[in-house]
Amino acid sequence: MKIEEKYCPINNEPLRDEEFFCRNHLRALKLLVTTYNSWDEAYEGLSWEEYLEKLTKIKESVGIWAQELIQYIIDNKINYADLKKIAKSE
Amino acid sequence: MTEKPKFPDRPSKYTVGIAEKPSAAKKIAQALDDKGKPLSGTYFRAPYYICDHKGEKIVILAALGHLFELQQEGKGWYYPSYDFYWSTKKNEREEARLKPYIDLIEWFVPHSEKHVVMTDFDVEGEVIGAVTLKKVGGKKVLANAKRMCYSALTKTALQTAYSELNEQINHDILNSGLTRHYVDWLFGINVSRALSLSLKNITGWFYPLSAGRVQAPTLAFVVEREAGVRSFVPVPYWVIDAEMSFNGTKVTLKHSKRRIRIKSEAETIEEKCNSKKAQVSKIESKRIEDDPLNPFNLGSLQSEVYRVFRYTPSYTLSLAEKLYLDALISYPRTNSEKFPEELDHTEIITNLKKQRKYAKLSSLALDKGTKPHEGSKTDPAHPPIYPTGTKPDKKLEGAGEKLYDLIVKRYLSLFGEQRIREQKNIKIAIDTEEFKATNTIIVKPGWTKIYDPYTREIKSDPVLNVKEGDELKVNKVTLSDKLTKSPPRYNENSLLNEMTKQEIGTKATRAAIIDKLRIRGYVEEYEIIPTVLGEGVISLLRDYVPNIITPEMTRDLELQMEKVGIGEEKLDTVLSEAIKNLQKILDEFKENEAQIGRELQRRLSETLNKRRITVGTCPNCKTGELIVIKSRVTKKQFVGCTNYQKDGEGCSTSAPLPARSKIFPTEKVCEIDGFPIVEVERRGRKWEMCVNIECSTRTIYEGKNKQNSKASEQKKTKKSEKR
């Protein structure tokens, strides 16, 4: 995957090393990925896209970094497999 | 021309006692003087007292807390800086304030026969007394100085303490205190300079930044918690409630599975329970006996006051110190929950009984005996916080009155009987699903009768008078979608508790550290939320000098200092170990100075921009903006024009704003002078005003305010007259 400059694509924070997101959004990503399992279990089958859609409907309960990240993922159509890789690589 | 005050006459033979504060000096002098009326005077503003005590002349002088502070040897603002000495304070105003106190001590100490340290009996008191005597009288005076140990400023306690003087000050406790001062100075000065100089050397900006041994890990807790809140993703769950009725009583019961994690499972339960009858399947009763709550130590007092009155821990401490100096309560900086055996509770309660407000409660407490309930924590220096029984000289008011009332009631409640409550756990089945209700009935209020209105309420479902086998009608079953909640942000109390749990700082300094985070601009002014700068400092320290933000290093140092206090470790050993750790940290700073400096610059400008409150366009120069400028230390604030610094033709428009208030722009403009109108929020009140101090509308507002205060004054006078 191409690394976009050396800045976080969400908030332009300078990045260190080979990171894709800044520390804050990476933290949100890890949580977003792990929480997906709980949502999937709760609804006994929920696609990643449905999961994100549900979260956008309950914005006030989602942390601000997670909200920004979800919007970025939706806008840029980044798939779950790639995100899982980013979350794991750090 | 006014004449310069002369030094007072010295008696031919006398003892010198040094108290920690003027009010304490006065209390001690009044207690020790045979007639209760010591000779008193002032040198400039510094008071002195000469008392006759059983044929002995005692001159009692006051310090003002620390009269001396640690200073760097030699000049220059650099790091590492490891050489220091005790000196008078370098701040001019402070030096002028303290000088008469030091002059008086220098006047009396060298000629006296005996020296007594009469400061508060704790680590800080030991340091204040010892450093003052050593600076003024030298090593010999300090070596022969006696120590007066007391926990309350009452006549009896002080007279007993003077008759049982310790032959020496406690050198282990002194060394423990000195180690803390030295280590904190070394870390505070060096790490703060390393941060500020990284910024200055790389960018040319000067902005005082600080990070200390306790401050840095505390800020790290706040930053970490905020990160948890901001990255939070909730998880769904479902709850099922069933509304039932029995003999006309309606109750809503919760399903025994409080959180159902799978939606379909919740839906099945809902379906199963609808339009079915419910039956009481089991009732379990238990009798619970609650002991009185433990006596207050500083930590539990601060927590309880926050719960009941929402006062911050630092405010509680300052109020408690005032009550202590008025001899109304015992020394508040204590960890103890155990009373010394010799404390005469009967006398205290009998004296409290003389205050009309506590007469009934005192009788109630006395009826139950004079053995108080105690906790398990101990403090070798002081007992738990208790009221001395002394009647206030004048009526207590406001926050002081509330705190005193809480302390008195907690103390009296220690003598109360157990509270007895009966808890009924009722299980009700609908088909195979189980619902629960908990009914609590207070059988005997016991100590809560004394502690009320401060007793924590016990949650209970509405009382259901049912027995096993009874049938209930199910009115409706509700399935609700829920989401887990993000971790709560810290408030002053929970942050203080976290510091206590992590064993960083001391009971006496924790609240001040939290205040410092605010003064330094690391957390928001009204909430414990990190600013961009606070986050930036922690992010940098985490990357380049992680040791300083982990509680481990600080905790370890605390442990070493405690060991010095009991003679198991030496001051020099702990100090050289601390310097070794510090050197590593400073080397890391030097190595990464460029990155740290640049990153700090970025974070700092973001913080300053974010904090900038623009209230509108300047009506004088028409191009600048009026912004709110606030002093970080005094909290005074004013509006100033952004064109102020423009070369040659700077705009000098400015006007003061109410201090310690929140200012919000309104986008409205004053019809009279064209200045912006702002909304001011202070102490729960909100109002709008023109920012121009000379505006007639503002005069009207201020006039109104004056009228209001005049009216409330008149109301107060009338009330007191009625009484």
# chains A, B, ... in the order shown; residues from 1 in each chain; ligands from 1
$ closest_atom_pairs --of "chain B" --to "chain A" --cutoff "8 Å" --atoms "only C-alpha atoms" --output "CSV"
residue,atom,partner,partner_atom,distance
B:Ala227,CA,A:Asn24,CA,7.2
B:Val229,CA,A:Gly63,CA,5.8
B:Arg230,CA,A:Gly63,CA,4.0
B:Ser231,CA,A:Ala28,CA,4.4
B:Phe232,CA,A:Gly63,CA,4.6
B:Val233,CA,A:Val62,CA,5.2
B:Pro234,CA,A:Val62,CA,6.4
B:Val235,CA,A:Trp39,CA,6.5
B:Pro236,CA,A:Trp39,CA,6.8
B:Tyr237,CA,A:Ala42,CA,7.5
B:Arg261,CA,A:Ala42,CA,5.7
B:Ile262,CA,A:Ala42,CA,4.1
B:Lys263,CA,A:Ala42,CA,5.7
B:Ser264,CA,A:Tyr43,CA,7.4
B:Leu483,CA,A:Ser61,CA,7.8
B:Lys485,CA,A:Ser61,CA,7.2
B:Ser486,CA,A:Ser61,CA,7.8
$ select_by_dssp --residues "chain A" --states "alpha helix (DSSP H)" --output "MDAnalysis selection string"
chainID A and resid 23:42 48:57 64:76 80:89
$ atom_distance --atom1 "atom CA of B:Tyr49" --atom2 "atom CA of B:Gly177"
28.3 Å
$ closest_residue --among "B:Thr573, B:Ser330, B:Thr388, B:Asn497" --to "B:Thr346" --atoms "only C-alpha atoms"
B:Thr388
$ atom_distance --atom1 "atom CA of B:Met148" --atom2 "atom CA of B:Ala161"
5.7 Å
